[in-house]
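Only one structure is covered here, and it is reproduced in the block below.
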Amino acid sequence: MVLVLVLGGALTTAQLYLDYRAQLSTLDRLAHQVLQAAVPPATRAVHTLDGDMSEEVVDGLLAYGFITDARIQDEVGNTLAHGQQPPQLAGRSWLASYLKPTYRHYIQHLTLPGYGNQQAGAISFSVEVHSALNGFYERSGVVILTGMLRNLLLLALLLAVFYFLLTRPLVRMLRDIQSIEPADPGRRRIAVPHAEQNDELSQLAGSANQLLGAVEEAFEKRRAVESALRESERAIRQIIDELPAMVALCEFGGRIEFANQNMAMFFGYTREELTGLNISQLGMSVLAVGDEQGVGKLVTSGFEGFFLSASGDNHYLQAQAQPIQLQDKTLVLLVANDISGRREAEEKMAHMAYHDALTDLPNRVQLVERLEQEMVRSRRYRYYGAILFIDLDHFKTINDSLGHPVGDQLLQQVAQRLSSMVRGDDVVARLSGDEFVVVLTRLDSERETAALQAGEVAEKIRLSLGDPYPYEDIQLHVSCSIGVVLFSDEETSVHELLRFADTAMYQSKEKGRDAIEFFNTDMADRVASQLRMQGELHQALEEQQFRLYWQPRINVDDGRIEGAEALLRWQHPQRGLIEPGEFLPVLEASGLMVDVGQWVIAEGCAQVRALVQNGLWVPGMKLSLNLSPRQFRCQTFVEEVSAVLDAAQLPPGAIDLEVTEGVVIQNIDEAIGIMQRLRGLGISFSLDDFGTGYSSISYLKRLPVSSLKIDSSFVRDVVDDNSDRILVETIITMGQLLGLKVVAEGVEDRMQLDVLRAYGCDSYQGNYFSEPVPLAEFEKLLAISAPGAMAARN
């Protein structure tokens, strides 16, 4: 019906459109004819500039009712005559009255005979299209109205035919179909319309009734089969529920199709609730997957592990998975058994095989395995480890006097103390009786540093085990003897290492017990000496045994003292003055260097302040202070230096900090940031020992240093060794090109100074002028350092 209306309207519209296009063509021809008729008089009027004639031509054009505007212009565009009139609305068709006025414009250029194509002017007019085509619109209105009536009559006829012959019978059949019960489709039948005509609707209803009868028969057979299957399934489920194992049937995606009562009870569900869950929700997500073709395949046919039961207890389940084919569908049969008791017994036996029953520490078997693994790692990654063989002194006396239960309690406390003294990667084991072994892993890559670290841990253990052990109302006391052996890349077996450590431990007992002994006697002596020195250095810092010695820095040209370098010395109460080469490595290894380095800065600033107050420290002088890597990387270093400078109130630029290439090259961006912050406090920087390290121009350009210090190893042979002279000259030239001052260290004689002066070195230090001296002697040097005297010396 909609199609009838659309087609009718489309045909009518197409017809009207074609007529409209034809009418527009006719209108154009008429307009051109009128235009051509008006051209001769208009041309004469333009040629003679006759306004009256132009007005007559315009009035003649406006006599046509459809022309609404007419105009005659000369060659420069001046209007000679112009007239217009509104569109004629009287007698207009009703269809045209609904349309917006539309205009078409026509123009003709005027030329004078004998003047070629030269334009003398133009005549133009406008036509209101709807007024001109009023007759067409009247005919079109009649066509539209008659077409609508025709389409409506045809539509009404079609509605009546379809309703009585098709729609009403189909509606009746639809009601009959909707009234059929799915569970009993044969009880109702579809009424046959027009049964006497045997048309398509009658045949459709008859075929549907035959289908309903066949469906009813099939339903009866299916009900009988389903009843038998339910009985069989009920019997099988009862058998499976009685099994002691947990049984489930799953799809390969993990969806549970069936689970027996034991599995449901274990996980706290009913069987109905388990059905439809995914097996991964029970913690068995590794059961099965599907491959690219969509066919399932097992990830594993068996697995075991801990699962949380509904009661909140962990049970260890052992499960087997087997794919089975059911109703053209591959499923997974899962059978799981609770073997928690057996598992617990196995774990207990395994734990007993590798742990000591009394202390629960690793026993000899586990110690040997762990030590073998650690020896392999230490050889691969090139670091040292250590074995500490510990034996309690006079433990037998406690056992004999107080009984084995008391001895057992003491051993348990010893085990706890040892475990608390080491890192997580280290191993603490009990061998037998009162013998324990501690394996220290990942020590330093340098043997002496690793030995020092092992000695520190051994000393902590010795002191900790020597503390009293409370037992009832008494305090028990035991000491221990410790033997230490290092291991790394030596081809030594585990048992040999244990024997070496045991030998060192017995050497410790022979020397009086309650001591630490290294297997290597020479190294043991050095380590023991360093440990003693470490304790003495702590005492030296507390008792202010450190001293600052000053070595003047001299201007090469005029011999003036430009400043000095403060060098650390240790005034030992028994051994006297100790040079830094002997104790600085111990300071670095022990971590005391940060505190001592801060003391050096504070003391140096205080002494410069005293020189300023005495008038001996003139503007431009600098005191150079050495920085250690550990001190430079300290997070609070800048703040601590700032506090010292605030307290000292020194002249700007009085302090110069010396850093080595190795300090800054580790993380050059971080180093530059620290140095820039310190420069903001008025501190300058010197690059110490230049030429002995990286000597990279790229980082030297980036570092905010003001001077380079040539290492004394190059200055020593600069007179005789051509290579050293070339290196020294290169360094000085490089410094000059970069705008840096160059200071030579270790100048011992006049010949060395002459070479340095010839190369353009700025300053020097060394025994040629003065060895490092205490502050009082440096004050004397400042007092006599008149420019004339220094020039005479040079």
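Numbering starts fresh at 1 for the residues of each chain in the structure tokens, the chains themselves are lettered A, B, ... in the order given, and ligands are numbered from 1 as they appear.
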ask   = Which residues, written as JSON, numbers by chain, have at least one atom at most 12 Å from Leu30 (chain A), with only C-alpha atoms counted and residues fewer than 6 positions away on the same chain left out?
value = {"A": [23, 24, 36, 37, 64, 66, 67, 106, 127, 132, 133]}
message = From a backbone DSSP assignment, name each residue in region 605-773 of chain A labelled helix (DSSP H, G or I), as a ChimeraX atom specification.
response = /A:605-613,629-632,637-648,661-665,668-679,697-702,712-716,722-737,750-759
query = Which is closer to Gln551 (chain A) than all the others in A:Glu565, A:Asp473, A:Glu729, A:Glu200, using only C-alpha atoms?
reply =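 That would be A:Glu565, the residue with the smallest distance to Gln551 (chain A).
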task = Apply DSSP to the backbone of this structure and, from region 464-672 of chain A, keep only the residues in strand (DSSP E or B); write these as an MDAnalysis selection string.
result = chainID A and resid 469:471 474:476 479:487 516:518 546:555 561:572 576:578 622:626 655:660
Produce a file of the selected residues containing N, CA and C atoms, as a short mmCIF file (atom, residue, chain, number, x, y, z; two decimals), in the first residue's frame.
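Once written, out_4.cif looks like this:
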data_model
loop_
_atom_site.label_atom_id
_atom_site.label_comp_id
_atom_site.auth_asym_id
_atom_site.auth_seq_id
_atom_site.Cartn_x
_atom_site.Cartn_y
_atom_site.Cartn_z
N TYR A 469 73.57 -15.42 79.21
CA TYR A 469 72.39 -16.18 78.80
C TYR A 469 71.54 -16.41 80.05
N PRO A 470 70.37 -15.79 80.12
CA PRO A 470 69.56 -15.97 81.33
C PRO A 470 68.98 -17.39 81.42
N TYR A 471 69.11 -17.97 82.60
CA TYR A 471 68.48 -19.27 82.86
C TYR A 471 67.98 -19.25 84.29
N ILE A 474 69.83 -17.42 87.27
CA ILE A 474 71.28 -17.27 87.11
C ILE A 474 71.57 -16.79 85.69
N GLN A 475 72.78 -16.31 85.49
CA GLN A 475 73.25 -15.87 84.18
C GLN A 475 74.38 -16.81 83.75
N LEU A 476 74.21 -17.44 82.61
CA LEU A 476 75.23 -18.32 82.08
C LEU A 476 76.14 -17.53 81.15
N SER A 479 81.99 -18.18 75.98
CA SER A 479 82.66 -17.44 74.91
C SER A 479 82.75 -18.37 73.71
N CYS A 480 83.32 -17.87 72.64
CA CYS A 480 83.43 -18.70 71.45
C CYS A 480 84.75 -18.45 70.76
N SER A 481 85.21 -19.46 70.07
CA SER A 481 86.40 -19.36 69.23
C SER A 481 85.94 -19.49 67.78
N ILE A 482 86.46 -18.60 66.94
CA ILE A 482 85.97 -18.54 65.57
C ILE A 482 87.14 -18.67 64.61
N GLY A 483 87.00 -19.59 63.68
CA GLY A 483 87.96 -19.73 62.59
C GLY A 483 87.33 -19.24 61.30
N VAL A 484 88.09 -18.45 60.54
CA VAL A 484 87.56 -17.83 59.33
C VAL A 484 88.41 -18.24 58.14
N VAL A 485 87.73 -18.58 57.05
CA VAL A 485 88.42 -18.85 55.80
C VAL A 485 87.62 -18.21 54.67
N LEU A 486 88.31 -17.57 53.73
CA LEU A 486 87.67 -16.95 52.57
C LEU A 486 87.64 -17.93 51.41
N PHE A 487 86.65 -17.75 50.55
CA PHE A 487 86.59 -18.57 49.33
C PHE A 487 86.13 -17.68 48.18
N ILE A 516 89.37 -14.67 67.34
CA ILE A 516 89.09 -14.92 65.92
C ILE A 516 90.41 -15.21 65.24
N GLU A 517 90.42 -16.24 64.42
CA GLU A 517 91.65 -16.63 63.73
C GLU A 517 91.34 -16.89 62.26
N PHE A 518 92.11 -16.25 61.36
CA PHE A 518 91.99 -16.52 59.93
C PHE A 518 92.90 -17.68 59.56
N PHE A 546 93.41 13.63 65.69
CA PHE A 546 93.76 13.99 64.32
C PHE A 546 94.31 15.41 64.28
N ARG A 547 95.21 15.64 63.32
CA ARG A 547 95.83 16.94 63.14
C ARG A 547 95.77 17.33 61.67
N LEU A 548 95.80 18.63 61.40
CA LEU A 548 95.90 19.13 60.04
C LEU A 548 97.29 19.72 59.84
N TYR A 549 97.98 19.22 58.81
CA TYR A 549 99.28 19.78 58.42
C TYR A 549 99.08 20.56 57.12
N TRP A 550 99.79 21.68 57.02
CA TRP A 550 99.59 22.60 55.90
C TRP A 550 100.81 22.54 54.97
N GLN A 551 100.56 22.31 53.69
CA GLN A 551 101.63 22.40 52.69
C GLN A 551 101.35 23.60 51.79
N PRO A 552 102.25 24.59 51.79
CA PRO A 552 101.99 25.82 51.02
C PRO A 552 101.88 25.54 49.52
N ARG A 553 101.07 26.35 48.85
CA ARG A 553 100.98 26.36 47.40
C ARG A 553 101.59 27.67 46.92
N ILE A 554 102.62 27.57 46.03
CA ILE A 554 103.46 28.72 45.70
C ILE A 554 103.21 29.12 44.25
N ASN A 555 103.14 30.43 44.02
CA ASN A 555 103.04 30.96 42.66
C ASN A 555 104.38 30.78 41.96
N ILE A 561 103.02 32.85 48.40
CA ILE A 561 102.18 31.78 48.91
C ILE A 561 100.73 32.11 48.55
N GLU A 562 100.16 31.29 47.67
CA GLU A 562 98.77 31.52 47.22
C GLU A 562 97.75 30.81 48.09
N GLY A 563 98.24 29.96 48.94
CA GLY A 563 97.33 29.20 49.78
C GLY A 563 98.04 27.96 50.27
N ALA A 564 97.26 26.93 50.59
CA ALA A 564 97.85 25.70 51.10
C ALA A 564 96.87 24.56 50.93
N GLU A 565 97.42 23.35 51.06
CA GLU A 565 96.57 22.15 51.09
C GLU A 565 96.63 21.56 52.48
N ALA A 566 95.47 21.33 53.09
CA ALA A 566 95.41 20.75 54.43
C ALA A 566 95.48 19.24 54.32
N LEU A 567 96.45 18.63 54.98
CA LEU A 567 96.67 17.19 54.92
C LEU A 567 96.45 16.59 56.31
N LEU A 568 95.77 15.43 56.34
CA LEU A 568 95.38 14.80 57.61
C LEU A 568 96.54 13.97 58.18
N ARG A 569 96.78 14.13 59.46
CA ARG A 569 97.76 13.32 60.18
C ARG A 569 97.11 12.80 61.46
N TRP A 570 97.64 11.67 61.93
CA TRP A 570 97.09 11.05 63.16
C TRP A 570 98.19 11.05 64.21
N GLN A 571 97.96 11.79 65.28
CA GLN A 571 98.92 11.84 66.39
C GLN A 571 98.54 10.75 67.39
N HIS A 572 99.14 9.53 67.16
CA HIS A 572 98.81 8.38 68.02
C HIS A 572 99.49 8.56 69.37
N GLY A 576 103.03 7.73 67.92
CA GLY A 576 103.44 9.01 67.41
C GLY A 576 102.67 9.40 66.16
N LEU A 577 103.29 10.18 65.29
CA LEU A 577 102.60 10.69 64.10
C LEU A 577 102.51 9.60 63.04
N ILE A 578 101.28 9.31 62.62
CA ILE A 578 101.03 8.25 61.63
C ILE A 578 100.64 8.91 60.32
N LYS A 622 93.69 30.43 49.03
CA LYS A 622 92.73 29.33 49.10
C LYS A 622 93.30 28.19 49.93
N LEU A 623 92.46 27.59 50.73
CA LEU A 623 92.82 26.37 51.45
C LEU A 623 92.17 25.20 50.73
N SER A 624 92.99 24.25 50.27
CA SER A 624 92.48 23.08 49.55
C SER A 624 92.25 21.94 50.54
N LEU A 625 91.06 21.37 50.47
CA LEU A 625 90.68 20.25 51.34
C LEU A 625 90.29 19.06 50.46
N ASN A 626 90.81 17.88 50.79
CA ASN A 626 90.54 16.69 49.99
C ASN A 626 89.21 16.06 50.39
N ILE A 655 87.89 28.66 50.37
CA ILE A 655 87.94 27.20 50.46
C ILE A 655 87.90 26.61 49.06
N ASP A 656 88.81 25.68 48.81
CA ASP A 656 88.86 24.94 47.54
C ASP A 656 88.80 23.45 47.87
N LEU A 657 87.84 22.75 47.29
CA LEU A 657 87.70 21.31 47.54
C LEU A 657 88.31 20.53 46.40
N GLU A 658 89.15 19.54 46.75
CA GLU A 658 89.82 18.72 45.75
C GLU A 658 89.08 17.40 45.58
N VAL A 659 88.70 17.10 44.34
CA VAL A 659 88.05 15.82 44.02
C VAL A 659 88.89 15.11 42.97
N THR A 660 88.88 13.80 43.01
CA THR A 660 89.60 13.01 42.01
C THR A 660 88.67 12.66 40.86
#
Considering only C-alpha atoms, give me a table of residues in region 314-379 of chain A that are at most 7 Å from region 245-261 of chain A, with the closest atom pair and distance in Å for each, as JSON lines.
{"residue": "A:Leu331", "atom": "CA", "partner": "A:Glu251", "partner_atom": "CA", "distance": 4.9}
{"residue": "A:Val332", "atom": "CA", "partner": "A:Cys250", "partner_atom": "CA", "distance": 5.1}
{"residue": "A:Leu333", "atom": "CA", "partner": "A:Leu249", "partner_atom": "CA", "distance": 4.8}
{"residue": "A:Leu334", "atom": "CA", "partner": "A:Ala248", "partner_atom": "CA", "distance": 5.1}
{"residue": "A:Val335", "atom": "CA", "partner": "A:Val247", "partner_atom": "CA", "distance": 4.7}
{"residue": "A:Ala336", "atom": "CA", "partner": "A:Met246", "partner_atom": "CA", "distance": 5.0}
{"residue": "A:Asn337", "atom": "CA", "partner": "A:Ala245", "partner_atom": "CA", "distance": 5.2}
task = Using CA of Leu650 (chain A) and CA of Val596 (chain A) as the two end points, give the distance in Å to one decimal.
result =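 About the pair CA of Leu650 (chain A) and CA of Val596 (chain A): they are 21.2 Å apart.
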Atomic separation - CA of Gly305 (chain A) relative to CA of Ile236 (chain A), Å = 28.7 Å
request  = Pick out the residues sitting within 9 Å of Ser785 (chain A), and hand them over as a PyMOL selection string; count only C-alpha atoms, and ignore anything fewer than 5 positions along from it in its own chain.
outcome  = chain A and resi 559-561+780+790
query = Can you tell me, as JSON, numbers by chain, what residues are no more than 12 Å from Ala357 (chain A) when counting only C-alpha atoms, ignoring any on the same chain fewer than 4 positions away?
reply = {"A": [348, 349, 350, 351, 352, 353, 361, 362, 363, 408, 411, 412, 429, 430, 431, 432, 433]}
Writing out the chosen residues with C-alpha atoms as a PDB file, in the first residue's frame:
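Result went into again23.pdb, see below:
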ATOM      1  CA  LYS A 348      58.531 -33.546  58.117  1.00  0.00           C
ATOM      2  CA  MET A 349      60.918 -36.257  57.018  1.00  0.00           C
ATOM      3  CA  ALA A 350      62.426 -33.972  54.359  1.00  0.00           C
ATOM      4  CA  HIS A 351      62.825 -31.161  56.907  1.00  0.00           C
ATOM      5  CA  MET A 352      64.480 -33.517  59.382  1.00  0.00           C
ATOM      6  CA  ALA A 353      66.889 -34.637  56.649  1.00  0.00           C
ATOM      7  CA  LEU A 361      69.056 -24.634  61.735  1.00  0.00           C
ATOM      8  CA  PRO A 362      70.347 -26.214  58.517  1.00  0.00           C
ATOM      9  CA  ASN A 363      72.404 -29.322  59.283  1.00  0.00           C
ATOM     10  CA  ASP A 408      70.042 -27.528  74.858  1.00  0.00           C
ATOM     11  CA  LEU A 411      72.298 -23.883  72.140  1.00  0.00           C
ATOM     12  CA  GLN A 412      68.871 -22.694  71.027  1.00  0.00           C
ATOM     13  CA  ALA A 429      74.117 -24.105  60.335  1.00  0.00           C
ATOM     14  CA  ARG A 430      74.748 -26.395  63.297  1.00  0.00           C
ATOM     15  CA  LEU A 431      77.205 -29.183  62.632  1.00  0.00           C
ATOM     16  CA  SER A 432      77.129 -31.072  65.889  1.00  0.00           C
ATOM     17  CA  GLY A 433      77.299 -30.482  69.620  1.00  0.00           C
TER      18      GLY A 433
END
message = Which residue is closest to Glu748 (chain A)? Choose from A:Ser642, A:Ser340, A:Ser713, A:Ser723 and count only C-alpha atoms.
response =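 Closest to Glu748 (chain A), using only C-alpha atoms: A:Ser713.
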ask   = Between CA of Gly653 (chain A) and CA of Gly682 (chain A), what is the spacing in Å?
value = 5.3 Å
Any idea what's packed within 12 Å of region 752-766 of chain A, counting only C-alpha atoms, ignoring anything in its chain fewer than 6 positions away? Could you give it as an mmCIF file with N, CA and C atoms, in the first residue's frame?
data_model
loop_
_atom_site.group_PDB
_atom_site.id
_atom_site.type_symbol
_atom_site.label_atom_id
_atom_site.label_comp_id
_atom_site.auth_asym_id
_atom_site.auth_seq_id
_atom_site.Cartn_x
_atom_site.Cartn_y
_atom_site.Cartn_z
ATOM 1 N N TRP A 550 99.790 21.678 57.019
ATOM 2 C CA TRP A 550 99.594 22.600 55.903
ATOM 3 C C TRP A 550 100.806 22.545 54.975
ATOM 4 N N GLN A 551 100.561 22.314 53.691
ATOM 5 C CA GLN A 551 101.628 22.401 52.693
ATOM 6 C C GLN A 551 101.345 23.596 51.794
ATOM 7 N N PRO A 552 102.247 24.592 51.786
ATOM 8 C CA PRO A 552 101.986 25.825 51.022
ATOM 9 C C PRO A 552 101.875 25.544 49.522
ATOM 10 N N ARG A 553 101.070 26.352 48.855
ATOM 11 C CA ARG A 553 100.978 26.363 47.399
ATOM 12 C C ARG A 553 101.587 27.675 46.921
ATOM 13 N N ILE A 554 102.616 27.574 46.031
ATOM 14 C CA ILE A 554 103.463 28.716 45.695
ATOM 15 C C ILE A 554 103.209 29.121 44.249
ATOM 16 N N ASN A 555 103.139 30.429 44.017
ATOM 17 C CA ASN A 555 103.037 30.958 42.665
ATOM 18 C C ASN A 555 104.380 30.777 41.964
ATOM 19 N N VAL A 556 104.356 30.184 40.775
ATOM 20 C CA VAL A 556 105.599 29.877 40.075
ATOM 21 C C VAL A 556 106.328 31.144 39.656
ATOM 22 N N ASP A 557 105.633 32.183 39.284
ATOM 23 C CA ASP A 557 106.269 33.390 38.740
ATOM 24 C C ASP A 557 106.931 34.246 39.814
ATOM 25 N N ASP A 558 106.188 34.534 40.904
ATOM 26 C CA ASP A 558 106.742 35.488 41.872
ATOM 27 C C ASP A 558 107.042 34.876 43.239
ATOM 28 N N GLY A 559 106.740 33.570 43.415
ATOM 29 C CA GLY A 559 107.077 32.915 44.671
ATOM 30 C C GLY A 559 106.149 33.216 45.818
ATOM 31 N N ARG A 560 105.020 33.879 45.569
ATOM 32 C CA ARG A 560 104.079 34.159 46.651
ATOM 33 C C ARG A 560 103.369 32.883 47.109
ATOM 34 N N ILE A 561 103.019 32.854 48.396
ATOM 35 C CA ILE A 561 102.180 31.780 48.913
ATOM 36 C C ILE A 561 100.728 32.105 48.546
ATOM 37 N N GLU A 562 100.156 31.295 47.671
ATOM 38 C CA GLU A 562 98.774 31.525 47.217
ATOM 39 C C GLU A 562 97.747 30.813 48.086
ATOM 40 N N GLY A 563 98.236 29.958 48.941
ATOM 41 C CA GLY A 563 97.328 29.195 49.783
ATOM 42 C C GLY A 563 98.035 27.960 50.274
ATOM 43 N N ALA A 564 97.255 26.930 50.588
ATOM 44 C CA ALA A 564 97.854 25.700 51.104
ATOM 45 C C ALA A 564 96.871 24.559 50.926
ATOM 46 N N GLU A 565 97.416 23.351 51.060
ATOM 47 C CA GLU A 565 96.572 22.149 51.086
ATOM 48 C C GLU A 565 96.634 21.562 52.480
ATOM 49 N N ALA A 566 95.474 21.325 53.087
ATOM 50 C CA ALA A 566 95.410 20.754 54.430
ATOM 51 C C ALA A 566 95.477 19.243 54.318
ATOM 52 N N SER A 624 92.989 24.247 50.271
ATOM 53 C CA SER A 624 92.478 23.079 49.551
ATOM 54 C C SER A 624 92.252 21.941 50.540
ATOM 55 N N SER A 707 90.776 24.552 38.673
ATOM 56 C CA SER A 707 92.196 24.247 38.529
ATOM 57 C C SER A 707 92.403 22.750 38.393
ATOM 58 N N LEU A 708 93.543 22.389 37.768
ATOM 59 C CA LEU A 708 93.985 21.001 37.635
ATOM 60 C C LEU A 708 95.247 20.824 38.470
ATOM 61 N N LYS A 709 95.371 19.653 39.121
ATOM 62 C CA LYS A 709 96.564 19.368 39.905
ATOM 63 C C LYS A 709 97.289 18.202 39.243
ATOM 64 N N ILE A 710 98.525 18.438 38.813
ATOM 65 C CA ILE A 710 99.334 17.406 38.165
ATOM 66 C C ILE A 710 99.864 16.477 39.242
ATOM 67 N N ASP A 711 99.652 15.185 39.069
ATOM 68 C CA ASP A 711 100.069 14.214 40.082
ATOM 69 C C ASP A 711 101.594 14.202 40.195
ATOM 70 N N SER A 712 102.079 13.968 41.421
ATOM 71 C CA SER A 712 103.524 13.997 41.675
ATOM 72 C C SER A 712 104.267 12.914 40.910
ATOM 73 N N PHE A 714 104.100 12.284 37.809
ATOM 74 C CA PHE A 714 104.589 12.865 36.556
ATOM 75 C C PHE A 714 105.698 13.886 36.804
ATOM 76 N N VAL A 715 105.610 14.610 37.930
ATOM 77 C CA VAL A 715 106.601 15.642 38.231
ATOM 78 C C VAL A 715 107.933 15.025 38.649
ATOM 79 N N ARG A 716 107.896 13.836 39.251
ATOM 80 C CA ARG A 716 109.100 13.228 39.827
ATOM 81 C C ARG A 716 110.209 13.080 38.783
ATOM 82 N N ASP A 717 109.867 12.601 37.595
ATOM 83 C CA ASP A 717 110.882 12.351 36.565
ATOM 84 C C ASP A 717 110.761 13.319 35.385
ATOM 85 N N VAL A 718 110.171 14.474 35.604
ATOM 86 C CA VAL A 718 109.932 15.397 34.490
ATOM 87 C C VAL A 718 111.235 15.926 33.888
ATOM 88 N N VAL A 719 112.309 15.929 34.667
ATOM 89 C CA VAL A 719 113.601 16.440 34.172
ATOM 90 C C VAL A 719 114.256 15.429 33.241
ATOM 91 N N ASP A 720 114.171 14.140 33.577
ATOM 92 C CA ASP A 720 114.909 13.109 32.842
ATOM 93 C C ASP A 720 114.044 12.306 31.882
ATOM 94 N N ASP A 721 112.787 12.188 32.146
ATOM 95 C CA ASP A 721 111.906 11.313 31.351
ATOM 96 C C ASP A 721 111.141 12.152 30.321
ATOM 97 N N ASN A 722 111.407 11.877 29.054
ATOM 98 C CA ASN A 722 110.753 12.639 27.985
ATOM 99 C C ASN A 722 109.245 12.433 27.984
ATOM 100 N N ASP A 724 107.261 11.849 30.567
ATOM 101 C CA ASP A 724 106.648 12.649 31.631
ATOM 102 C C ASP A 724 106.630 14.129 31.247
ATOM 103 N N ARG A 725 107.692 14.607 30.567
ATOM 104 C CA ARG A 725 107.704 16.011 30.157
ATOM 105 C C ARG A 725 106.565 16.290 29.164
ATOM 106 N N ILE A 726 106.370 15.343 28.216
ATOM 107 C CA ILE A 726 105.289 15.539 27.245
ATOM 108 C C ILE A 726 103.931 15.546 27.939
ATOM 109 N N LEU A 727 103.723 14.634 28.893
ATOM 110 C CA LEU A 727 102.451 14.580 29.612
ATOM 111 C C LEU A 727 102.221 15.864 30.419
ATOM 112 N N VAL A 728 103.274 16.319 31.098
ATOM 113 C CA VAL A 728 103.131 17.527 31.910
ATOM 114 C C VAL A 728 102.831 18.732 31.021
ATOM 115 N N GLU A 729 103.556 18.862 29.908
ATOM 116 C CA GLU A 729 103.313 19.967 29.000
ATOM 117 C C GLU A 729 101.903 19.915 28.435
ATOM 118 N N THR A 730 101.423 18.674 28.111
ATOM 119 C CA THR A 730 100.067 18.518 27.565
ATOM 120 C C THR A 730 99.022 18.954 28.583
ATOM 121 N N ILE A 731 99.213 18.544 29.826
ATOM 122 C CA ILE A 731 98.237 18.898 30.862
ATOM 123 C C ILE A 731 98.202 20.413 31.074
ATOM 124 N N ILE A 732 99.395 21.033 31.101
ATOM 125 C CA ILE A 732 99.444 22.485 31.315
ATOM 126 C C ILE A 732 98.790 23.207 30.143
ATOM 127 N N THR A 733 99.104 22.766 28.925
ATOM 128 C CA THR A 733 98.501 23.403 27.749
ATOM 129 C C THR A 733 96.991 23.233 27.753
ATOM 130 N N MET A 734 96.523 22.037 28.113
ATOM 131 C CA MET A 734 95.086 21.771 28.171
ATOM 132 C C MET A 734 94.418 22.692 29.182
ATOM 133 N N GLY A 735 95.045 22.840 30.343
ATOM 134 C CA GLY A 735 94.473 23.726 31.351
ATOM 135 C C GLY A 735 94.395 25.163 30.882
ATOM 136 N N GLN A 736 95.457 25.622 30.193
ATOM 137 C CA GLN A 736 95.455 26.999 29.696
ATOM 138 C C GLN A 736 94.365 27.209 28.656
ATOM 139 N N LEU A 737 94.198 26.222 27.763
ATOM 140 C CA LEU A 737 93.178 26.355 26.736
ATOM 141 C C LEU A 737 91.771 26.353 27.331
ATOM 142 N N GLY A 739 91.092 27.546 30.263
ATOM 143 C CA GLY A 739 90.969 28.630 31.227
ATOM 144 C C GLY A 739 91.090 28.168 32.670
ATOM 145 N N LEU A 740 91.863 27.102 32.925
ATOM 146 C CA LEU A 740 92.008 26.558 34.272
ATOM 147 C C LEU A 740 93.417 26.813 34.786
ATOM 148 N N LYS A 741 93.526 27.040 36.095
ATOM 149 C CA LYS A 741 94.833 27.125 36.740
ATOM 150 C C LYS A 741 95.407 25.707 36.835
ATOM 151 N N VAL A 742 96.757 25.604 36.741
ATOM 152 C CA VAL A 742 97.423 24.308 36.818
ATOM 153 C C VAL A 742 98.391 24.338 37.987
ATOM 154 N N VAL A 743 98.267 23.345 38.880
ATOM 155 C CA VAL A 743 99.105 23.237 40.080
ATOM 156 C C VAL A 743 99.863 21.922 39.991
ATOM 157 N N ALA A 744 101.184 21.986 40.162
ATOM 158 C CA ALA A 744 102.012 20.784 40.148
ATOM 159 C C ALA A 744 102.275 20.339 41.579
ATOM 160 N N GLU A 745 102.132 19.033 41.828
ATOM 161 C CA GLU A 745 102.379 18.467 43.156
ATOM 162 C C GLU A 745 103.720 17.743 43.162
ATOM 163 N N GLY A 746 104.349 17.703 44.346
ATOM 164 C CA GLY A 746 105.564 16.899 44.516
ATOM 165 C C GLY A 746 106.816 17.513 43.916
ATOM 166 N N PRO A 772 104.772 19.415 54.389
ATOM 167 C CA PRO A 772 103.608 19.748 55.215
ATOM 168 C C PRO A 772 104.026 20.046 56.654
ATOM 169 N N VAL A 773 103.484 21.132 57.214
ATOM 170 C CA VAL A 773 103.898 21.577 58.552
ATOM 171 C C VAL A 773 102.651 21.888 59.381
ATOM 172 N N ARG A 793 114.335 33.381 46.355
ATOM 173 C CA ARG A 793 114.409 31.923 46.523
ATOM 174 C C ARG A 793 114.224 31.227 45.186
ATOM 175 N N ASN A 794 113.317 31.780 44.331
ATOM 176 C CA ASN A 794 113.064 31.139 43.041
ATOM 177 C C ASN A 794 114.189 31.414 42.055
#
Using only C-alpha atoms, which residues of region 646-685 of chain A come within 8 Å of region 696-703 of chain A, and what is the closest atom pair for each, with the distance in Å to one decimal? Give it as CSV, sorted by chain and residue number.
residue,atom,partner,partner_atom,distance
A:Ile665,CA,A:Tyr699,CA,7.9
A:Ile668,CA,A:Tyr699,CA,7.7
A:Ile672,CA,A:Leu703,CA,6.1
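The shortest atom-to-atom distance to Gly65 (chain A), with only C-alpha atoms taken into account, belongs to A:Pro86 out of A:Gly620, A:Pro580, A:Pro86, A:Pro113.
Residues within 12 Å of Pro629 (chain A), counting only C-alpha atoms and excluding same-chain residues fewer than 6 positions away, are Leu587, Glu588, Ala589, Gly591, Met593, Val594, Gly597, Phe637, Glu658, Val659, Thr660, Glu661, Gly662, Val663, Val664, Ile665, Gln666, Asn667 and Ala671 of chain A.
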